[in-house]
>>> print(open('protein-v8.cif').read())   # mmCIF, N, CA and C atoms
data_entry
loop_
_atom_site.label_atom_id
_atom_site.label_comp_id
_atom_site.auth_asym_id
_atom_site.auth_seq_id
_atom_site.Cartn_x
_atom_site.Cartn_y
_atom_site.Cartn_z
N MET A 357 61.53 -142.59 -8.81
CA MET A 357 61.57 -142.56 -10.26
C MET A 357 63.03 -142.47 -10.72
N ALA A 358 63.20 -142.76 -11.96
CA ALA A 358 64.55 -142.74 -12.52
C ALA A 358 65.01 -141.30 -12.74
N THR A 359 66.28 -141.14 -12.95
CA THR A 359 66.83 -139.79 -13.09
C THR A 359 66.46 -139.14 -14.42
N TYR A 360 66.12 -139.93 -15.43
CA TYR A 360 65.78 -139.37 -16.72
C TYR A 360 64.39 -138.74 -16.71
N LEU A 361 63.59 -139.03 -15.71
CA LEU A 361 62.22 -138.54 -15.64
C LEU A 361 62.13 -137.47 -14.55
N THR A 362 62.19 -136.22 -14.97
CA THR A 362 62.10 -135.12 -14.01
C THR A 362 60.64 -134.87 -13.66
N LYS A 363 60.43 -134.13 -12.60
CA LYS A 363 59.09 -133.80 -12.16
C LYS A 363 58.36 -132.98 -13.23
N GLU A 364 59.08 -132.08 -13.87
CA GLU A 364 58.49 -131.25 -14.91
C GLU A 364 58.04 -132.09 -16.10
N LYS A 365 58.87 -133.06 -16.49
CA LYS A 365 58.52 -133.93 -17.62
C LYS A 365 57.30 -134.77 -17.30
N LYS A 366 57.23 -135.28 -16.08
CA LYS A 366 56.08 -136.07 -15.65
C LYS A 366 54.81 -135.22 -15.67
N GLU A 367 54.89 -133.99 -15.16
CA GLU A 367 53.74 -133.10 -15.17
C GLU A 367 53.32 -132.76 -16.60
N GLU A 368 54.30 -132.60 -17.48
CA GLU A 368 54.01 -132.32 -18.89
C GLU A 368 53.26 -133.48 -19.55
N ILE A 369 53.69 -134.70 -19.28
CA ILE A 369 53.04 -135.88 -19.85
C ILE A 369 51.61 -135.99 -19.36
N PHE A 370 51.39 -135.81 -18.05
CA PHE A 370 50.03 -135.93 -17.52
C PHE A 370 49.16 -134.77 -17.95
N ALA A 371 49.74 -133.58 -18.14
CA ALA A 371 48.94 -132.45 -18.62
C ALA A 371 48.48 -132.69 -20.05
N GLU A 372 49.33 -133.28 -20.87
CA GLU A 372 48.99 -133.51 -22.27
C GLU A 372 48.02 -134.67 -22.46
N TYR A 373 48.24 -135.76 -21.76
CA TYR A 373 47.44 -136.97 -22.00
C TYR A 373 46.43 -137.26 -20.90
N GLY A 374 46.69 -136.83 -19.69
CA GLY A 374 45.84 -137.20 -18.57
C GLY A 374 44.76 -136.20 -18.21
N GLY A 375 44.71 -135.07 -18.89
CA GLY A 375 43.69 -134.09 -18.60
C GLY A 375 44.14 -132.99 -17.66
N GLY A 376 45.21 -133.19 -16.94
CA GLY A 376 45.74 -132.18 -16.03
C GLY A 376 46.99 -132.70 -15.36
N LYS A 377 47.86 -131.79 -14.94
CA LYS A 377 49.13 -132.23 -14.38
C LYS A 377 48.98 -132.96 -13.05
N ASP A 378 47.86 -132.72 -12.35
CA ASP A 378 47.62 -133.38 -11.07
C ASP A 378 46.82 -134.66 -11.21
N ASN A 379 46.34 -134.97 -12.40
CA ASN A 379 45.52 -136.16 -12.62
C ASN A 379 46.41 -137.36 -12.95
N THR A 380 47.18 -137.79 -11.96
CA THR A 380 48.15 -138.87 -12.20
C THR A 380 47.51 -140.25 -12.22
N GLY A 381 46.22 -140.33 -11.92
CA GLY A 381 45.55 -141.62 -11.91
C GLY A 381 44.87 -141.97 -13.22
N SER A 382 44.87 -141.05 -14.18
CA SER A 382 44.17 -141.32 -15.43
C SER A 382 44.88 -142.43 -16.21
N ILE A 383 44.09 -143.28 -16.81
CA ILE A 383 44.63 -144.41 -17.56
C ILE A 383 45.47 -143.91 -18.73
N GLU A 384 44.97 -142.91 -19.45
CA GLU A 384 45.68 -142.39 -20.62
C GLU A 384 47.03 -141.79 -20.21
N GLY A 385 47.05 -141.07 -19.09
CA GLY A 385 48.30 -140.49 -18.60
C GLY A 385 49.31 -141.54 -18.19
N GLN A 386 48.83 -142.60 -17.55
CA GLN A 386 49.73 -143.67 -17.14
C GLN A 386 50.30 -144.40 -18.35
N ILE A 387 49.46 -144.61 -19.37
CA ILE A 387 49.95 -145.27 -20.58
C ILE A 387 51.00 -144.40 -21.26
N ALA A 388 50.77 -143.09 -21.30
CA ALA A 388 51.74 -142.17 -21.91
C ALA A 388 53.05 -142.16 -21.12
N LEU A 389 52.96 -142.20 -19.80
CA LEU A 389 54.15 -142.23 -18.96
C LEU A 389 54.94 -143.52 -19.19
N PHE A 390 54.24 -144.65 -19.22
CA PHE A 390 54.92 -145.93 -19.49
C PHE A 390 55.55 -145.93 -20.87
N THR A 391 54.89 -145.32 -21.85
CA THR A 391 55.44 -145.27 -23.20
C THR A 391 56.73 -144.46 -23.22
N PHE A 392 56.76 -143.34 -22.52
CA PHE A 392 57.98 -142.53 -22.43
C PHE A 392 59.11 -143.33 -21.78
N ARG A 393 58.79 -144.05 -20.72
CA ARG A 393 59.80 -144.85 -20.03
C ARG A 393 60.28 -146.01 -20.90
N VAL A 394 59.37 -146.63 -21.65
CA VAL A 394 59.75 -147.73 -22.55
C VAL A 394 60.70 -147.21 -23.62
N GLN A 395 60.41 -146.04 -24.18
CA GLN A 395 61.27 -145.48 -25.21
C GLN A 395 62.66 -145.16 -24.68
N SER A 396 62.73 -144.60 -23.47
CA SER A 396 64.04 -144.28 -22.91
C SER A 396 64.83 -145.54 -22.56
N LEU A 397 64.16 -146.57 -22.04
CA LEU A 397 64.85 -147.82 -21.75
C LEU A 397 65.30 -148.52 -23.03
N THR A 398 64.51 -148.41 -24.09
CA THR A 398 64.90 -148.99 -25.37
C THR A 398 66.16 -148.33 -25.89
N ASP A 399 66.22 -147.01 -25.79
CA ASP A 399 67.43 -146.29 -26.22
C ASP A 399 68.64 -146.70 -25.38
N HIS A 400 68.43 -146.87 -24.08
CA HIS A 400 69.51 -147.29 -23.19
C HIS A 400 70.03 -148.68 -23.57
N LEU A 401 69.11 -149.57 -23.89
CA LEU A 401 69.51 -150.95 -24.21
C LEU A 401 70.17 -151.06 -25.58
N LYS A 402 69.94 -150.11 -26.46
CA LYS A 402 70.65 -150.11 -27.75
C LYS A 402 72.13 -149.87 -27.54
N VAL A 403 72.46 -149.08 -26.53
CA VAL A 403 73.86 -148.79 -26.22
C VAL A 403 74.46 -149.85 -25.29
N ASN A 404 73.68 -150.27 -24.30
CA ASN A 404 74.15 -151.21 -23.28
C ASN A 404 73.45 -152.55 -23.45
N ARG A 405 73.91 -153.34 -24.38
CA ARG A 405 73.23 -154.58 -24.74
C ARG A 405 73.24 -155.63 -23.63
N LYS A 406 74.20 -155.59 -22.74
CA LYS A 406 74.31 -156.63 -21.72
C LYS A 406 73.67 -156.24 -20.39
N ASP A 407 72.93 -155.17 -20.36
CA ASP A 407 72.28 -154.71 -19.14
C ASP A 407 70.96 -155.47 -18.98
N HIS A 408 71.05 -156.65 -18.37
CA HIS A 408 69.90 -157.53 -18.29
C HIS A 408 68.86 -157.07 -17.28
N SER A 409 69.28 -156.35 -16.25
CA SER A 409 68.29 -155.85 -15.29
C SER A 409 67.41 -154.78 -15.93
N SER A 410 67.99 -153.96 -16.79
CA SER A 410 67.18 -152.97 -17.51
C SER A 410 66.28 -153.64 -18.54
N ARG A 411 66.74 -154.71 -19.14
CA ARG A 411 65.92 -155.46 -20.09
C ARG A 411 64.70 -156.04 -19.37
N ARG A 412 64.90 -156.56 -18.16
CA ARG A 412 63.79 -157.10 -17.39
C ARG A 412 62.82 -155.99 -17.01
N ALA A 413 63.35 -154.84 -16.62
CA ALA A 413 62.49 -153.70 -16.29
C ALA A 413 61.68 -153.26 -17.50
N LEU A 414 62.30 -153.30 -18.68
CA LEU A 414 61.60 -152.95 -19.91
C LEU A 414 60.44 -153.90 -20.16
N LEU A 415 60.68 -155.19 -20.02
CA LEU A 415 59.62 -156.18 -20.23
C LEU A 415 58.49 -156.01 -19.22
N THR A 416 58.83 -155.66 -17.99
CA THR A 416 57.82 -155.41 -16.97
C THR A 416 56.96 -154.21 -17.34
N LEU A 417 57.60 -153.14 -17.80
CA LEU A 417 56.86 -151.94 -18.19
C LEU A 417 55.95 -152.20 -19.38
N VAL A 418 56.44 -152.95 -20.34
CA VAL A 418 55.63 -153.27 -21.51
C VAL A 418 54.40 -154.08 -21.09
N GLY A 419 54.58 -154.99 -20.16
CA GLY A 419 53.45 -155.78 -19.66
C GLY A 419 52.44 -154.92 -18.93
N LYS A 420 52.91 -154.00 -18.10
CA LYS A 420 51.99 -153.11 -17.39
C LYS A 420 51.22 -152.24 -18.37
N ARG A 421 51.93 -151.72 -19.37
CA ARG A 421 51.28 -150.88 -20.38
C ARG A 421 50.25 -151.69 -21.16
N ARG A 422 50.57 -152.94 -21.48
CA ARG A 422 49.64 -153.79 -22.22
C ARG A 422 48.37 -154.03 -21.40
N ARG A 423 48.52 -154.28 -20.09
CA ARG A 423 47.34 -154.50 -19.24
C ARG A 423 46.47 -153.25 -19.17
N LEU A 424 47.11 -152.08 -19.06
CA LEU A 424 46.34 -150.83 -19.04
C LEU A 424 45.64 -150.60 -20.37
N LEU A 425 46.30 -150.91 -21.47
CA LEU A 425 45.68 -150.76 -22.79
C LEU A 425 44.50 -151.71 -22.95
N ASN A 426 44.63 -152.92 -22.47
CA ASN A 426 43.51 -153.87 -22.54
C ASN A 426 42.33 -153.37 -21.72
N TYR A 427 42.60 -152.83 -20.53
CA TYR A 427 41.55 -152.27 -19.69
C TYR A 427 40.86 -151.10 -20.39
N LEU A 428 41.65 -150.22 -20.98
CA LEU A 428 41.09 -149.06 -21.68
C LEU A 428 40.27 -149.49 -22.89
N ALA A 429 40.70 -150.53 -23.58
CA ALA A 429 39.95 -151.02 -24.73
C ALA A 429 38.59 -151.55 -24.31
N LYS A 430 38.51 -152.20 -23.16
CA LYS A 430 37.23 -152.70 -22.66
C LYS A 430 36.33 -151.56 -22.17
N LYS A 431 36.97 -150.56 -21.54
CA LYS A 431 36.21 -149.48 -20.93
C LYS A 431 35.77 -148.42 -21.94
N ASP A 432 36.69 -148.01 -22.84
CA ASP A 432 36.42 -146.91 -23.76
C ASP A 432 37.20 -147.16 -25.06
N ILE A 433 36.55 -147.78 -26.04
CA ILE A 433 37.25 -148.17 -27.26
C ILE A 433 37.72 -146.96 -28.06
N ASN A 434 36.95 -145.87 -28.04
CA ASN A 434 37.38 -144.67 -28.77
C ASN A 434 38.60 -144.02 -28.12
N GLY A 435 38.63 -143.99 -26.79
CA GLY A 435 39.80 -143.48 -26.08
C GLY A 435 41.02 -144.33 -26.34
N TYR A 436 40.80 -145.65 -26.43
CA TYR A 436 41.88 -146.59 -26.73
C TYR A 436 42.46 -146.30 -28.11
N ARG A 437 41.60 -146.13 -29.10
CA ARG A 437 42.07 -145.85 -30.45
C ARG A 437 42.79 -144.51 -30.53
N ASP A 438 42.30 -143.53 -29.79
CA ASP A 438 42.94 -142.21 -29.79
C ASP A 438 44.35 -142.28 -29.19
N ILE A 439 44.48 -142.97 -28.06
CA ILE A 439 45.79 -143.02 -27.39
C ILE A 439 46.79 -143.83 -28.21
N ILE A 440 46.33 -144.88 -28.89
CA ILE A 440 47.20 -145.67 -29.75
C ILE A 440 47.72 -144.80 -30.89
N GLU A 441 46.83 -144.01 -31.45
CA GLU A 441 47.22 -143.14 -32.57
C GLU A 441 48.15 -142.01 -32.12
N LYS A 442 47.83 -141.39 -30.97
CA LYS A 442 48.65 -140.29 -30.47
C LYS A 442 50.07 -140.74 -30.13
N LEU A 443 50.18 -141.88 -29.45
CA LEU A 443 51.48 -142.35 -28.98
C LEU A 443 52.21 -143.20 -30.02
N GLU A 444 51.51 -143.50 -31.11
CA GLU A 444 52.09 -144.32 -32.19
C GLU A 444 52.57 -145.67 -31.66
N ILE A 445 51.71 -146.31 -30.88
CA ILE A 445 52.01 -147.64 -30.36
C ILE A 445 51.52 -148.64 -31.39
N ARG A 446 52.38 -149.56 -31.77
CA ARG A 446 51.97 -150.59 -32.73
C ARG A 446 51.11 -151.60 -32.00
N LYS A 447 49.93 -151.83 -32.53
CA LYS A 447 49.03 -152.78 -31.90
C LYS A 447 48.17 -153.41 -32.98
N THR A 448 48.17 -154.72 -33.04
CA THR A 448 47.24 -155.40 -33.92
C THR A 448 46.10 -155.89 -33.06
N SER A 449 44.92 -155.51 -33.41
CA SER A 449 43.76 -155.91 -32.62
C SER A 449 43.32 -157.31 -33.00
N VAL A 450 42.40 -157.85 -32.27
CA VAL A 450 41.90 -159.19 -32.51
C VAL A 450 41.22 -159.25 -33.88
N GLU A 451 40.53 -158.16 -34.25
CA GLU A 451 39.84 -158.14 -35.53
C GLU A 451 40.84 -158.17 -36.70
N ASP A 452 41.97 -157.50 -36.54
CA ASP A 452 42.97 -157.43 -37.60
C ASP A 452 43.73 -158.74 -37.78
N SER A 453 43.94 -159.46 -36.68
CA SER A 453 44.76 -160.67 -36.77
C SER A 453 43.98 -161.88 -37.27
N GLY A 454 42.67 -161.80 -37.25
CA GLY A 454 41.86 -162.91 -37.71
C GLY A 454 41.84 -164.07 -36.73
N ALA A 455 42.13 -163.81 -35.46
CA ALA A 455 42.18 -164.88 -34.47
C ALA A 455 40.79 -165.42 -34.14
N TYR A 456 39.76 -164.60 -34.29
CA TYR A 456 38.41 -165.04 -33.96
C TYR A 456 37.51 -164.98 -35.16
#
>>> encode(input="protein-v8.cif", output="structure tokens")
Amino acid sequence: MATYLTKEKKEEIFAEYGGGKDNTGSIEGQIALFTFRVQSLTDHLKVNRKDHSSRRALLTLVGKRRRLLNYLAKKDINGYRDIIEKLEIRKTSVEDSGAY
């Protein structure tokens, strides 16, 4: 893991969102962890605009988080809505965009 993510911070994230500090496999906990990492990488890239390897890592994390969110939406729509609201992730759903 990166240096900005201490063991205590990781345990705190999983305790708050994943149901327990040892429940590192929970979808909600993983989404919260990816969100924390995305926010820290975004702050880093605001200062270091030419750091392209970090930009690629950011895009990879956003993609992983998106796939987990899509899985959670299929599995548990209420849990999906709760995690979106808690983490304040901007998401337009299919119903909102008028695509279908």
>>> resolve_selection(input="protein-v8.cif", expression="the PyMOL selection byres ((chain A and resi 420-427) around 8)", output="PyMOL selection string")
chain A and resi 383-384+386-388+390-391+414-419+428-433+436
>>> select_by_dssp(input="protein-v8.cif", residues="chain A", states="helix (DSSP H, G or I)", output="ChimeraX atom specification")
/A:363-373,383-403,408-431,433-443,450-453
>>> resolve_selection(input="protein-v8.cif", expression="the PyMOL selection byres ((chain A and resi 373) around 8)", output="list in words")
Glu367, Glu368, Ile369, Phe370, Ala371, Glu372, Gly374, Gly375, Gly376, Lys377, Asn379, Ser382, Ile383, Glu384, Gly385, Gln386, Ala388 and Leu389 of chain A
>>> atom_distance(input="protein-v8.cif", atom1="atom CA of Ala413 of chain A", atom2="atom CA of Arg446 of chain A")
19.8 Å
>>> atom_distance(input="protein-v8.cif", atom1="atom C of Ile445 of chain A", atom2="atom N of Ser396 of chain A")
14.3 Å
>>> atom_distance(input="protein-v8.cif", atom1="atom N of Tyr360 of chain A", atom2="atom CA of Gly435 of chain A")
28.6 Å
>>> closest_residue(input="protein-v8.cif", among="A:Ser410, A:Asn434, A:Thr362, A:Thr380", to="Val394 of chain A", atoms="only C-alpha atoms")
A:Ser410
